[in-house]
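Trainee: So that you have it, the file is run-v9.txt, and it contains compact mmCIF, C-alpha atoms:
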```
# COMPACT_ATOMS: atom_id res chain seq x y z
CA GLY D 1 96.64 38.30 96.43
CA HIS D 2 94.95 41.61 95.78
CA VAL D 3 96.62 43.92 93.27
CA TRP D 4 95.89 47.64 93.72
CA ARG D 5 95.10 49.55 90.60
CA ALA D 6 94.77 53.31 90.20
CA PRO D 7 91.25 54.57 89.54
CA PRO D 8 90.47 55.19 85.88
CA THR D 9 91.06 58.74 84.65
CA SER D 10 89.72 60.57 81.61
CA LYS D 11 91.85 61.20 78.62
CA ALA D 12 91.75 64.92 79.26
CA ALA D 13 92.88 64.42 82.85
CA GLY D 14 95.71 62.31 81.62
CA ARG D 15 96.79 65.08 79.32
CA PRO D 16 97.18 68.30 81.31
CA GLY D 17 98.29 70.29 78.26
CA MET D 18 95.04 69.54 76.42
CA LEU D 19 92.91 70.55 79.44
CA ALA D 20 94.73 73.87 79.79
CA LEU D 21 94.24 74.57 76.08
CA ARG D 22 90.48 73.97 76.33
CA LEU D 23 90.14 76.21 79.38
CA SER D 24 92.10 78.95 77.62
CA ALA D 25 89.88 78.74 74.54
CA SER D 26 86.70 78.84 76.65
CA ARG D 27 87.87 81.97 78.48
CA ALA D 28 88.90 83.63 75.23
CA LEU D 29 85.42 83.19 73.79
CA ARG D 30 83.99 85.02 76.77
CA ARG D 31 86.41 87.96 76.55
CA PRO D 32 85.71 91.06 74.41
CA LEU D 33 87.38 91.23 71.05
CA ALA D 34 89.53 94.17 72.10
CA GLN D 35 91.12 92.06 74.86
CA CYS D 36 91.83 89.12 72.54
CA VAL D 37 93.53 91.19 69.86
CA ARG D 38 96.53 92.90 71.37
CA LEU D 39 97.59 95.96 69.46
CA PRO D 40 100.47 98.33 70.07
CA THR D 41 99.51 101.23 72.31
CA SER D 42 99.88 103.77 69.51
CA ALA D 43 97.52 101.83 67.22
CA ALA D 44 94.96 100.70 69.78
CA ALA D 45 93.76 104.18 70.77
CA PRO D 46 92.80 105.32 67.23
CA VAL D 47 91.00 102.03 66.64
CA ARG D 48 89.00 102.43 69.86
CA ARG D 49 88.12 106.01 68.96
CA HIS D 50 87.05 104.92 65.49
CA LEU D 51 84.80 102.19 66.88
CA SER D 52 83.25 104.33 69.64
CA THR D 53 82.52 107.64 67.83
CA LYS D 54 80.28 108.56 64.90
CA PRO D 55 81.61 110.38 61.82
CA ARG D 56 81.71 114.14 62.39
CA ALA D 57 79.00 116.02 60.49
CA SER D 58 79.99 118.52 57.81
CA LEU D 59 80.01 122.24 58.55
CA PRO D 60 76.82 122.97 56.51
CA ALA D 61 75.03 120.13 58.32
CA ARG D 62 76.10 121.45 61.74
CA PHE D 63 75.04 124.98 60.78
CA GLY D 64 71.68 123.71 59.54
CA ALA D 65 71.08 121.83 62.79
CA TRP D 66 72.06 124.88 64.85
CA TYR D 67 69.77 127.13 62.77
CA GLU D 68 66.87 124.68 63.24
CA GLU D 69 67.40 124.82 67.01
CA CYS D 70 67.34 128.62 66.93
CA LEU D 71 64.21 128.56 64.76
CA ASP D 72 62.48 126.24 67.23
CA ALA D 73 63.49 128.19 70.33
CA TYR D 74 63.32 131.77 68.97
CA PRO D 75 61.36 131.76 65.68
CA LEU D 76 60.74 135.49 65.27
CA PRO D 77 64.17 136.79 66.42
CA THR D 78 65.87 134.23 64.18
CA LYS D 79 63.84 135.39 61.18
CA MET D 80 64.48 139.05 62.04
CA ILE D 81 68.25 138.54 62.08
CA THR D 82 68.12 136.51 58.86
CA SER D 83 65.95 139.10 57.15
CA GLY D 84 68.10 142.04 58.24
CA ILE D 85 71.25 140.40 56.88
CA LEU D 86 69.67 139.49 53.54
CA PHE D 87 68.04 142.89 53.04
CA SER D 88 71.33 144.65 53.75
CA VAL D 89 73.20 142.39 51.33
CA GLY D 90 70.55 143.00 48.67
CA ASP D 91 70.82 146.78 49.11
CA VAL D 92 74.62 146.68 48.87
CA ILE D 93 74.38 144.69 45.63
CA GLY D 94 71.77 147.12 44.32
CA GLN D 95 73.94 150.14 45.13
CA LEU D 96 76.95 148.61 43.42
CA ILE D 97 74.88 147.83 40.32
CA SER D 98 73.49 151.38 40.26
CA LYS D 99 76.98 152.84 40.59
CA SER D 100 78.30 150.64 37.77
CA GLN D 101 75.50 151.91 35.51
CA ALA D 102 76.17 155.59 36.28
CA GLU D 103 77.17 157.81 33.38
CA PRO D 104 80.89 158.54 33.04
CA GLY D 105 80.42 162.29 33.56
CA ALA D 106 78.28 161.94 36.68
CA ALA D 107 79.50 163.36 39.96
CA ALA D 108 81.54 160.96 42.05
CA THR D 109 79.65 159.44 44.95
CA PRO D 110 80.69 156.98 47.67
CA SER D 111 80.47 153.34 46.63
CA ILE D 112 78.03 152.59 49.45
CA ASP D 113 75.48 155.06 50.85
CA GLY D 114 75.59 154.27 54.57
CA ALA D 115 72.27 155.97 55.41
CA ARG D 116 70.46 154.11 52.63
CA LEU D 117 71.99 150.81 53.76
CA ALA D 118 70.91 151.50 57.34
CA ARG D 119 67.33 152.13 56.20
CA ALA D 120 67.24 148.87 54.24
CA THR D 121 68.68 146.95 57.20
CA LEU D 122 66.16 148.49 59.61
CA TYR D 123 63.28 147.64 57.32
CA GLY D 124 64.50 144.09 56.74
CA GLY D 125 65.41 143.41 60.36
CA ILE D 126 62.75 145.29 62.33
CA PHE D 127 59.72 146.32 60.29
CA TYR D 128 59.22 143.46 57.81
CA PRO D 129 59.69 140.13 59.70
CA PRO D 130 56.90 140.49 62.32
CA VAL D 131 54.17 141.26 59.78
CA ALA D 132 55.48 138.60 57.36
CA HIS D 133 55.58 136.04 60.17
CA LEU D 134 51.93 136.79 60.98
CA HIS D 135 51.00 136.70 57.30
CA PHE D 136 52.32 133.17 56.66
CA ASN D 137 50.73 131.77 59.82
CA PHE D 138 47.41 133.48 59.07
CA LEU D 139 47.44 132.21 55.48
CA GLU D 140 48.10 128.66 56.70
CA TRP D 141 45.22 128.89 59.18
CA LEU D 142 42.83 130.39 56.63
CA VAL D 143 43.48 128.07 53.69
CA VAL D 144 44.38 124.79 55.41
CA THR D 145 42.48 124.90 58.71
CA ARG D 146 39.46 127.12 58.07
CA TRP D 147 38.79 126.37 54.40
CA ALA D 148 40.30 122.84 54.48
CA CYS D 149 41.64 123.06 50.93
CA SER D 150 43.11 119.89 49.47
CA ALA D 151 46.84 119.44 48.97
CA THR D 152 46.32 119.92 45.23
CA THR D 153 44.46 123.24 45.41
CA MET D 154 46.20 124.64 48.51
CA PRO D 155 49.25 126.19 46.74
CA PHE D 156 47.07 127.94 44.15
CA VAL D 157 44.63 129.30 46.74
CA LYS D 158 47.48 130.56 48.91
CA MET D 159 49.24 132.16 45.96
CA PHE D 160 46.04 133.89 44.77
CA MET D 161 45.22 135.20 48.24
CA GLU D 162 48.75 136.41 48.80
CA GLN D 163 49.51 137.98 45.46
CA PHE D 164 46.15 139.38 44.35
CA VAL D 165 43.90 139.81 47.40
CA TYR D 166 45.80 141.43 50.24
CA TRP D 167 49.47 140.67 50.95
CA GLY D 168 51.07 141.84 47.71
CA TRP D 169 49.32 145.21 47.87
CA PHE D 170 49.96 145.69 51.58
CA SER D 171 53.60 144.54 51.64
CA ASN D 172 54.69 146.76 48.74
CA ALA D 173 52.82 149.82 50.04
CA TYR D 174 54.28 149.09 53.47
CA TYR D 175 57.81 148.85 52.00
CA HIS D 176 57.64 152.22 50.24
CA ALA D 177 55.89 153.90 53.17
CA VAL D 178 58.39 152.72 55.77
CA LEU D 179 61.43 153.62 53.66
CA GLY D 180 59.91 157.02 52.86
CA THR D 181 59.31 157.68 56.55
CA LEU D 182 62.84 156.60 57.45
CA GLN D 183 64.08 158.92 54.72
CA GLY D 184 62.38 161.84 56.48
CA MET D 185 59.27 162.30 54.32
CA GLY D 186 56.02 163.66 55.68
CA PRO D 187 52.63 161.93 55.37
CA VAL D 188 51.77 163.66 52.07
CA GLN D 189 55.14 162.76 50.55
CA VAL D 190 54.84 159.16 51.75
CA TYR D 191 51.37 158.87 50.19
CA LYS D 192 52.68 160.24 46.90
CA ARG D 193 55.61 157.85 46.99
CA VAL D 194 53.29 154.87 47.43
CA GLU D 195 50.92 156.17 44.75
CA ASP D 196 53.74 156.65 42.24
CA THR D 197 55.44 153.30 42.77
CA LEU D 198 52.83 150.74 43.86
CA TRP D 199 51.43 149.71 40.46
CA ASP D 200 54.86 149.29 38.85
CA THR D 201 56.03 147.29 41.86
CA MET D 202 52.96 145.04 41.72
CA LYS D 203 53.46 144.21 38.04
CA ALA D 204 57.07 143.26 38.70
CA GLN D 205 56.04 141.26 41.77
CA TRP D 206 53.49 139.17 39.88
CA ALA D 207 56.05 138.27 37.23
CA PHE D 208 58.64 137.31 39.85
CA TRP D 209 56.79 135.97 42.88
CA VAL D 210 53.85 133.99 41.46
CA PRO D 211 55.96 131.00 40.31
CA VAL D 212 58.24 131.26 43.37
CA GLN D 213 55.35 131.14 45.82
CA LEU D 214 53.57 128.30 44.03
CA LEU D 215 56.65 126.15 44.60
CA ASN D 216 57.13 127.50 48.12
CA PHE D 217 53.56 126.75 49.23
CA LYS D 218 53.64 123.33 47.57
CA PHE D 219 56.90 121.89 48.89
CA VAL D 220 58.08 123.92 51.92
CA PRO D 221 56.70 123.61 55.49
CA VAL D 222 55.10 126.72 56.94
CA ARG D 223 57.89 127.31 59.45
CA HIS D 224 60.40 127.64 56.58
CA GLN D 225 58.29 129.53 54.03
CA LEU D 226 59.39 132.95 55.25
CA ASN D 227 63.03 131.82 55.10
CA VAL D 228 62.57 130.77 51.47
CA VAL D 229 61.05 134.18 50.74
CA LEU D 230 63.97 135.90 52.49
CA VAL D 231 66.58 133.99 50.50
CA VAL D 232 64.81 134.61 47.20
CA SER D 233 64.27 138.22 48.30
CA LEU D 234 67.99 138.75 47.85
CA VAL D 235 67.18 139.04 44.13
CA TRP D 236 63.93 140.94 44.75
CA THR D 237 65.53 143.43 47.15
CA THR D 238 68.31 144.07 44.67
CA PHE D 239 65.67 144.83 42.03
CA LEU D 240 63.80 147.21 44.36
CA SER D 241 67.03 148.93 45.30
CA VAL D 242 67.92 149.48 41.64
CA ALA D 243 64.43 150.27 40.34
CA PHE D 244 63.31 152.58 43.17
CA PRO D 245 66.38 154.24 44.72
CA PRO D 246 65.81 157.25 47.01
CA ALA D 247 67.21 159.74 44.46
CA LYS D 248 64.69 158.67 41.80
CA LEU D 249 61.82 158.97 44.24
CA ASP D 250 62.97 162.40 45.35
CA ASP D 251 63.06 163.56 41.75
CA LYS D 252 59.33 162.78 41.37
CA GLU D 253 58.33 165.06 44.20
```
Let me see the file written as structure tokens.

Mentor:
Amino acid sequence: GHVWRAPPTSKAAGRPGMLALRLSASRALRRPLAQCVRLPTSAAAPVRRHLSTKPRASLPARFGAWYEECLDAYPLPTKMITSGILFSVGDVIGQLISKSQAEPGAAATPSIDGARLARATLYGGIFYPPVAHLHFNFLEWLVVTRWACSATTMPFVKMFMEQFVYWGWFSNAYYHAVLGTLQGMGPVQVYKRVEDTLWDTMKAQWAFWVPVQLLNFKFVPVRHQLNVVLVVSLVWTTFLSVAFPPAKLDDKE
């Protein structure tokens, strides 16, 4: 008679263990790596943090980024604060140098003249930055936009215009006039102060600022050129503070 036979089955169906292994492998390939690799709780959290976060920037880099944001949002106030700080530091250094060079028998004076420091800070923080800000933007418009100077000649034209045509003369006369006024001088005394000091200041400025500004105009964007001047002015302000202190100017009157 008829003999019943079971329907044929695949090899995988005949081996349940093999089928389960293949299903497990297929699911594992579709799972994220973090679910496949089981770590202790104490070790898994640092690994996840390391994989999900970027390295923390250094303090100078964070400060530079914050300063750039301030410069973008508030360009003039940012430059005014920067300038006031640097001018005050330069005056303090100048006063300390002047005191160290005083003769042994000279009358004792305070290490820092507070009124003189306040005048330097006011000039650097209030009076100087607005006109300097306008100067650098005007010079960029004149030389680059209006005259369309090439990249090769632009630094030399800017330097010549700044140092020999108008800005050098104006900025140094402005410096001595403002400080003389803050010191309590009248118009005639202020005029005499400018007349007595301007030529000596200009000769020192040409020796110091011509190479600095050539490099500044060549390599630094306009929005940062005043900041370069302010940083380098730490040396220049110290020189002015030592070379033209209020006492020496008073003696000439």

Trainee: Give the answer as one residue: which of D:Leu71, D:Lys192, D:Gly64, D:Lys79 has the shortest atom-to-atom distance to Leu134 of chain D, using only C-alpha atoms?

Mentor: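 Among the listed residues, the smallest separation from Leu134 of chain D belongs to D:Lys79.
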
Trainee: Need the shell around segment 180-182 of chain D: protein/DNA/RNA residues with any atom at most 9 Å away, counting only C-alpha atoms. Skip same-chain ones fewer than 6 positions apart. Format as a list in words?

Mentor: Arg119, Tyr123, Gln189, Val190, Arg193, Val194 and Pro246 of chain D

Trainee: Given the choices D:Val229, D:Asp113, D:Tyr67, D:Val143, which gets closest to Pro245 of chain D if the distance is worked out from only C-alpha atoms?

Mentor: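 Using only C-alpha atoms, Pro245 of chain D sits closest to D:Asp113.
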
Trainee: Considering only C-alpha atoms, can you say which of D:Phe136, D:Phe127, D:Phe217, D:Tyr174 comes closest to Thr153 of chain D?

Mentor: D:Phe217

Trainee: Mind giving me the straight-line distance from atom CA of Ala243 of chain D to atom CA of Gln205 of chain D in Å, one decimal?

Mentor: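 These two atoms are separated by 12.4 Å.
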
Trainee: Choose the residue, out of D:Met185, D:Ile97, D:Gly114, D:Ser83, that has the smallest atom-to-atom separation from Val228 of chain D; count only C-alpha atoms.

Mentor: D:Ser83

Trainee: With all heavy atoms as the target, complete segment 78-89 of chain D and hand it back as a short mmCIF file (atom, residue, chain, number, x, y, z; two decimals), keeping the file's coordinate frame.

Mentor:
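Produced file part-v2.cif, reproduced below:
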```cif
data_model
loop_
_atom_site.label_atom_id
_atom_site.label_comp_id
_atom_site.auth_asym_id
_atom_site.auth_seq_id
_atom_site.Cartn_x
_atom_site.Cartn_y
_atom_site.Cartn_z
N THR D 78 65.02 134.87 65.19
CA THR D 78 65.87 134.23 64.18
C THR D 78 65.54 134.75 62.79
O THR D 78 66.43 135.05 61.98
CB THR D 78 65.70 132.70 64.23
OG1 THR D 78 66.04 132.24 65.54
CG2 THR D 78 66.60 132.03 63.21
N LYS D 79 64.25 134.87 62.49
CA LYS D 79 63.84 135.39 61.18
C LYS D 79 64.20 136.87 61.03
O LYS D 79 64.53 137.32 59.93
CB LYS D 79 62.34 135.17 60.98
CG LYS D 79 61.96 133.70 60.87
CD LYS D 79 60.45 133.51 60.84
CE LYS D 79 60.09 132.03 60.78
NZ LYS D 79 58.63 131.79 60.81
N MET D 80 64.14 137.62 62.11
CA MET D 80 64.48 139.05 62.04
C MET D 80 65.97 139.22 61.71
O MET D 80 66.33 140.06 60.88
CB MET D 80 64.13 139.74 63.36
CG MET D 80 62.65 139.83 63.62
SD MET D 80 62.22 140.50 65.26
CE MET D 80 62.66 142.22 65.02
N ILE D 81 66.82 138.45 62.37
CA ILE D 81 68.25 138.54 62.08
C ILE D 81 68.54 138.11 60.65
O ILE D 81 69.29 138.76 59.91
CB ILE D 81 69.05 137.69 63.08
CG1 ILE D 81 68.90 138.26 64.49
CG2 ILE D 81 70.52 137.63 62.69
CD1 ILE D 81 69.49 137.38 65.58
N THR D 82 67.93 137.00 60.23
CA THR D 82 68.12 136.51 58.86
C THR D 82 67.67 137.55 57.85
O THR D 82 68.36 137.84 56.87
CB THR D 82 67.35 135.20 58.65
OG1 THR D 82 67.72 134.25 59.64
CG2 THR D 82 67.62 134.62 57.27
N SER D 83 66.50 138.12 58.07
CA SER D 83 65.95 139.10 57.15
C SER D 83 66.81 140.36 57.09
O SER D 83 67.06 140.91 56.01
CB SER D 83 64.52 139.47 57.57
OG SER D 83 63.97 140.44 56.71
N GLY D 84 67.26 140.84 58.24
CA GLY D 84 68.10 142.04 58.24
C GLY D 84 69.38 141.85 57.46
O GLY D 84 69.81 142.73 56.70
N ILE D 85 70.00 140.68 57.62
CA ILE D 85 71.25 140.40 56.88
C ILE D 85 70.99 140.36 55.38
O ILE D 85 71.72 140.98 54.58
CB ILE D 85 71.86 139.08 57.37
CG1 ILE D 85 72.35 139.22 58.82
CG2 ILE D 85 73.01 138.65 56.46
CD1 ILE D 85 72.80 137.92 59.44
N LEU D 86 69.93 139.65 54.97
CA LEU D 86 69.67 139.49 53.54
C LEU D 86 69.24 140.80 52.90
O LEU D 86 69.62 141.10 51.76
CB LEU D 86 68.62 138.41 53.32
CG LEU D 86 69.07 136.99 53.68
CD1 LEU D 86 67.93 136.00 53.53
CD2 LEU D 86 70.25 136.56 52.82
N PHE D 87 68.44 141.60 53.60
CA PHE D 87 68.04 142.89 53.04
C PHE D 87 69.24 143.82 52.90
O PHE D 87 69.35 144.56 51.91
CB PHE D 87 66.97 143.54 53.91
CG PHE D 87 65.57 143.29 53.45
CD1 PHE D 87 64.93 142.10 53.76
CD2 PHE D 87 64.89 144.21 52.68
CE1 PHE D 87 63.64 141.85 53.33
CE2 PHE D 87 63.60 143.98 52.24
CZ PHE D 87 62.96 142.78 52.57
N SER D 88 70.14 143.79 53.85
CA SER D 88 71.33 144.65 53.75
C SER D 88 72.22 144.20 52.60
O SER D 88 72.75 145.03 51.85
CB SER D 88 72.09 144.64 55.07
OG SER D 88 72.57 143.34 55.37
N VAL D 89 72.39 142.90 52.45
CA VAL D 89 73.20 142.39 51.33
C VAL D 89 72.56 142.77 50.00
O VAL D 89 73.25 143.20 49.05
CB VAL D 89 73.38 140.86 51.44
CG1 VAL D 89 74.03 140.30 50.17
CG2 VAL D 89 74.22 140.51 52.65
#
```
